[in-house]
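Report on one structure; see the data block that follows.
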Amino acid sequence: MRKFGILCICILSAFVLLSSCSKDDAGDDDNNPTTNANVEWTKQLALPINPALGQNYMPAIDENDNIYVLMSDFNGGSAIQAFDKNGTELWSKSQNDVNPHNQMPTYFQNKLFFTTDKKLICLNASNGSKVWEYNIPDSMLYITPAIAIVNNFTLITLEKETAESSYLFAINPSNGNVAGTLAISDDRVWLNMAARGNTVYLAHGFLYKVTVSSNGAMSLDWNVQLPGDDPTVYFNFENDMVIAPNGNVTFAYGELSNPSLHILISYNSQGQKLWEYERQYASRITLDEQGNIYDGGNKDLIKINGANGQKIWAAEPPSEFEYVSMGNFTSMVHANNGNLYCGDVYGIYGANYSGDITYSVYSSTLELGDSTPFSDVTLLSNGNIIVMTMGNGTNGNIHCIKANTGGISTKGWSKRGADAANTFNASL
């Protein structure tokens with residue numbers, strides 16, 4: 001099932017890249033502006049990258065606007081690289097035979113965390129040196145991609161080799177010791193995870209609510225089965241979960257029998273289902289401080305009322321071409337200036353909370369040549385936009401684009417990873 005899910009993701013990614021849609025009705029120059037933008041700096045990355053494959057590059061940003069980029073190559077190795085906000089490289093570390101689950105490090109208390117199939121790795125954010133690594137016990141099969149910082153512990157999920165269940169582990173970030181474990185599911189599955197405060201939600205076939213205590217002990221508060229005839233065929237590999245300030249949790253799932261149809265579903269903190277919304281190829285979901293949901297797909301960005309699940313509006317991506325729109329909204333970042341920003345294969349787009357396109361730049365606008373595709377974007381507190389590109393046949397590039405975004409919003413669930421540090425906890 002794991003291999004099938006990965007194959008489905010590759011197929012869906014390829015479909016998104018090849019798809020196109022008709023030009024937005026609001027596609028004239030007044031409503032669909034091309035923004036004049038300047039590249040503040042560009043630096044070469046340590047490895048080749050291809051953001052078109054999964055769109056899963058998301059640097060971690062610390063409290064000083066230092067940028068940490070995690071990359072994988074095609075030969076079983078990886079590298080992590082640090083830059084300051086002015087583009088000065090702080091350090092770069094290559095790692096042989098270390099294959100991260102995704103290109104998304106988590107920053108917490110001057111440490112960087114990421115997972116592989118068999119390890120949780122902790123690095124010193126000041127110089128990239130290894131602080132510790134946690135190797136899975138013999139009784140476990142895999143560490144899964146989910147990670148979150150909760151009550152000052154690093155939480156990971158593991159599959160048990162005997163297929164009895166999947167587990168949640170709380171790891172002490174100072175020394176890599178296990179502080180607590182909890183059996184979650186009855187099956188060996190890859191669990192999604194998100195947290196707000198000391199409350200953790202996990203999902204795969206069921207939705208689980210867990211409370212983490214100050215010493216790392218964990219308790220399962222409740223679980224509810226998702227709608228559907230057979231919970232073993234759910235397909236929600238690495239789909240996002242978001243948690244509103246009132247405790248409502250929303251995420252997307254599908255079934256292997258129809259992988260193109262995703263269901264956005266929302267529950268309250270007592271486990272009562274609030275609503276469902278069917279969607280073709282759901283993407284990265286976020287929410288604003290009022291709890292409204294935003295989901296980007298391969299054709300549009302939609303806003304959904306978080307209380308009742310009704311669609312409020314849909315916005316199509318802009319295009320640098322006059323008659324054909326080739327872009328798509330994927331991972332959105334909510335900014336303090338009231339706009340959402342998205343990087344995709346062809347450009348960087350911005351929309352306000354009314355669905356108006358307010359920002360759009362392309363490689364031609366930025367004079368980056370053939371640097372596409374673009375990665376997802378993140379924002380610095382000084383308002384600038386950070387994005388990566390594949391480059392021109394060599395190593396990838398990271399770019400800082402001058403902008404007035406105001407930085408990442410600290411309200412709602414602002415982006416994939418919840419915050420600039422990718423802690424998957426909106427209240428840290």
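Numbering starts fresh at 1 for the residues of each chain in the structure tokens, the chains themselves are lettered A, B, ... in the order given, and ligands are numbered from 1 as they appear.
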
If we count only C-alpha atoms and set the cut-off at 10 Å, which residues sit around Gln109 (chain A), ignoring sequence neighbours fewer than 6 positions away in its own chain? Please answer as number ranges by chain. A: 62-63, 124-125, 152, 173-174

Please list as a PyMOL selection string every residue within 6 Å of region 183-196 of chain A, counting only C-alpha atoms and excluding residues in the same chain fewer than 2 positions away. chain A and resi 144+146+159+163-167+199-204+241+424-427

Same residues, N, CA, C and O atoms, output as an mmCIF file, in the first residue's frame:
```
data_model
loop_
_atom_site.group_PDB
_atom_site.id
_atom_site.type_symbol
_atom_site.label_atom_id
_atom_site.label_comp_id
_atom_site.auth_asym_id
_atom_site.auth_seq_id
_atom_site.Cartn_x
_atom_site.Cartn_y
_atom_site.Cartn_z
ATOM 1 N N THR A 144 7.662 7.303 10.016
ATOM 2 C CA THR A 144 6.868 7.874 8.930
ATOM 3 C C THR A 144 7.127 9.379 8.844
ATOM 4 O O THR A 144 7.746 9.958 9.738
ATOM 5 N N ALA A 146 5.530 12.137 9.328
ATOM 6 C CA ALA A 146 4.930 13.115 10.233
ATOM 7 C C ALA A 146 5.891 13.512 11.350
ATOM 8 O O ALA A 146 6.573 12.671 11.937
ATOM 9 N N GLU A 159 5.757 2.832 12.370
ATOM 10 C CA GLU A 159 5.010 1.619 12.059
ATOM 11 C C GLU A 159 5.647 0.446 12.799
ATOM 12 O O GLU A 159 6.860 0.258 12.743
ATOM 13 N N ALA A 163 2.753 -5.309 12.420
ATOM 14 C CA ALA A 163 1.487 -4.792 11.876
ATOM 15 C C ALA A 163 0.399 -4.715 12.933
ATOM 16 O O ALA A 163 -0.771 -4.600 12.613
ATOM 17 N N GLU A 164 0.782 -4.749 14.219
ATOM 18 C CA GLU A 164 -0.208 -4.604 15.272
ATOM 19 C C GLU A 164 -0.805 -3.205 15.281
ATOM 20 O O GLU A 164 -2.004 -3.027 15.421
ATOM 21 N N SER A 165 0.053 -2.208 15.153
ATOM 22 C CA SER A 165 -0.415 -0.831 15.272
ATOM 23 C C SER A 165 0.677 0.126 14.821
ATOM 24 O O SER A 165 1.787 -0.284 14.500
ATOM 25 N N SER A 166 0.315 1.400 14.792
ATOM 26 C CA SER A 166 1.288 2.460 14.589
ATOM 27 C C SER A 166 1.419 3.242 15.887
ATOM 28 O O SER A 166 0.460 3.338 16.663
ATOM 29 N N TYR A 167 2.593 3.803 16.111
ATOM 30 C CA TYR A 167 2.905 4.405 17.402
ATOM 31 C C TYR A 167 3.265 5.876 17.257
ATOM 32 O O TYR A 167 3.766 6.327 16.221
ATOM 33 N N THR A 199 -2.229 19.643 22.264
ATOM 34 C CA THR A 199 -3.189 18.744 21.623
ATOM 35 C C THR A 199 -2.679 18.327 20.253
ATOM 36 O O THR A 199 -2.265 19.175 19.453
ATOM 37 N N VAL A 200 -2.708 17.028 19.981
ATOM 38 C CA VAL A 200 -2.224 16.482 18.718
ATOM 39 C C VAL A 200 -3.362 15.732 18.032
ATOM 40 O O VAL A 200 -4.078 14.960 18.673
ATOM 41 N N TYR A 201 -3.514 15.961 16.736
ATOM 42 C CA TYR A 201 -4.443 15.181 15.928
ATOM 43 C C TYR A 201 -3.647 14.339 14.943
ATOM 44 O O TYR A 201 -2.656 14.805 14.365
ATOM 45 N N LEU A 202 -4.074 13.098 14.750
ATOM 46 C CA LEU A 202 -3.473 12.196 13.776
ATOM 47 C C LEU A 202 -4.599 11.570 12.965
ATOM 48 O O LEU A 202 -5.728 11.417 13.457
ATOM 49 N N ALA A 203 -4.312 11.196 11.726
ATOM 50 C CA ALA A 203 -5.377 10.631 10.885
ATOM 51 C C ALA A 203 -4.835 9.627 9.903
ATOM 52 O O ALA A 203 -3.743 9.794 9.351
ATOM 53 N N HIS A 204 -5.570 8.588 9.699
ATOM 54 C CA HIS A 204 -5.476 7.651 8.589
ATOM 55 C C HIS A 204 -6.571 6.605 8.795
ATOM 56 O O HIS A 204 -6.401 5.670 9.572
ATOM 57 N N MET A 241 -3.030 18.636 7.550
ATOM 58 C CA MET A 241 -4.048 18.845 8.562
ATOM 59 C C MET A 241 -3.849 20.251 9.108
ATOM 60 O O MET A 241 -2.719 20.711 9.267
ATOM 61 N N PHE A 424 4.782 22.365 12.750
ATOM 62 C CA PHE A 424 3.460 21.730 12.684
ATOM 63 C C PHE A 424 2.688 21.931 13.988
ATOM 64 O O PHE A 424 1.892 21.090 14.381
ATOM 65 N N ASN A 425 2.922 23.059 14.616
ATOM 66 C CA ASN A 425 2.188 23.449 15.818
ATOM 67 C C ASN A 425 1.937 24.944 15.731
ATOM 68 O O ASN A 425 2.880 25.738 15.806
ATOM 69 N N ALA A 426 0.675 25.327 15.598
ATOM 70 C CA ALA A 426 0.344 26.723 15.325
ATOM 71 C C ALA A 426 0.500 27.634 16.520
ATOM 72 O O ALA A 426 0.440 28.848 16.382
ATOM 73 N N SER A 427 0.675 27.092 17.714
ATOM 74 C CA SER A 427 0.726 27.951 18.911
ATOM 75 C C SER A 427 2.105 28.020 19.537
ATOM 76 O O SER A 427 2.251 28.433 20.675
#
```

Kindly assemble as a Markdown table a list of the region 46-164 of chain A residues that lie within 9 Å of region 397-405 of chain A, each paired with its nearest atom pair and their distance in Å to one decimal, using only C-alpha atoms, sorted first by chain and then by ascending residue number.
```
| residue | atom | partner | partner_atom | distance |
| --- | --- | --- | --- | --- |
| A:Ala46 | CA | A:Asn397 | CA | 8.8 |
| A:Pro48 | CA | A:Asn397 | CA | 8.5 |
| A:Ile49 | CA | A:Asn397 | CA | 8.4 |
| A:Lys85 | CA | A:Cys400 | CA | 8.3 |
| A:Asn86 | CA | A:Cys400 | CA | 8.4 |
| A:Gly87 | CA | A:Cys400 | CA | 7.8 |
```

Write out as a list of chain:residue names which residues come within 8 Å of Asp221 (chain A) when counting only C-alpha atoms, dropping same-chain ones fewer than 5 positions away. A:Tyr208, A:Lys209, A:Val210, A:Thr211

DSSP on the backbone: what in region 25-197 of chain A comes out strand (DSSP E or B), as an MDAnalysis selection string? chainID A and resid 39:44 57 60:61 67:72 78:83 89:95 103 106:108 111:115 119:124 130:135 140:150 153:160 166:171 178:185 192:196

Pick out the closest residue to Tyr68 (chain A) from this set: A:Leu123, A:Asn50, A:Ala179, A:Asn38. Count only C-alpha atoms. A:Leu123

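Shortest separation to Asn102 (chain A) among A:Ala170, A:Asn75, A:Ile386, A:Thr115 occurs at residue A:Thr115, atoms counted being only C-alpha atoms.
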
Who sits within 6 Å of region 302-305 of chain A, only C-alpha atoms, same chain under 5 positions skipped, as a PyMOL selection string: chain A and resi 292-295+310-314

For a quick check of understanding, using only C-alpha atoms, which of A:Asn66, A:Gln44, A:Ser283, A:Thr358 has the smallest distance to Thr389 (chain A)?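 Of all the options, A:Gln44 lies closest to Thr389 (chain A).
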
Point-to-point distance from CA of Ala307 (chain A) to CA of Val150 (chain A), Å rounded to tenths: 26.2 Å

Rounded to one decimal in Å, what is the spacing between CA of Ile147 (chain A) and CA of Thr423 (chain A)?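 We find that CA of Ile147 (chain A) and CA of Thr423 (chain A) lie 7.6 Å from each other.
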
Contacts of Ala60 (chain A) within 7 Å, only C-alpha atoms, excl. fewer than 4 positions in-chain, as a PyMOL selection string: chain A and resi 67-69+105-107+420-422
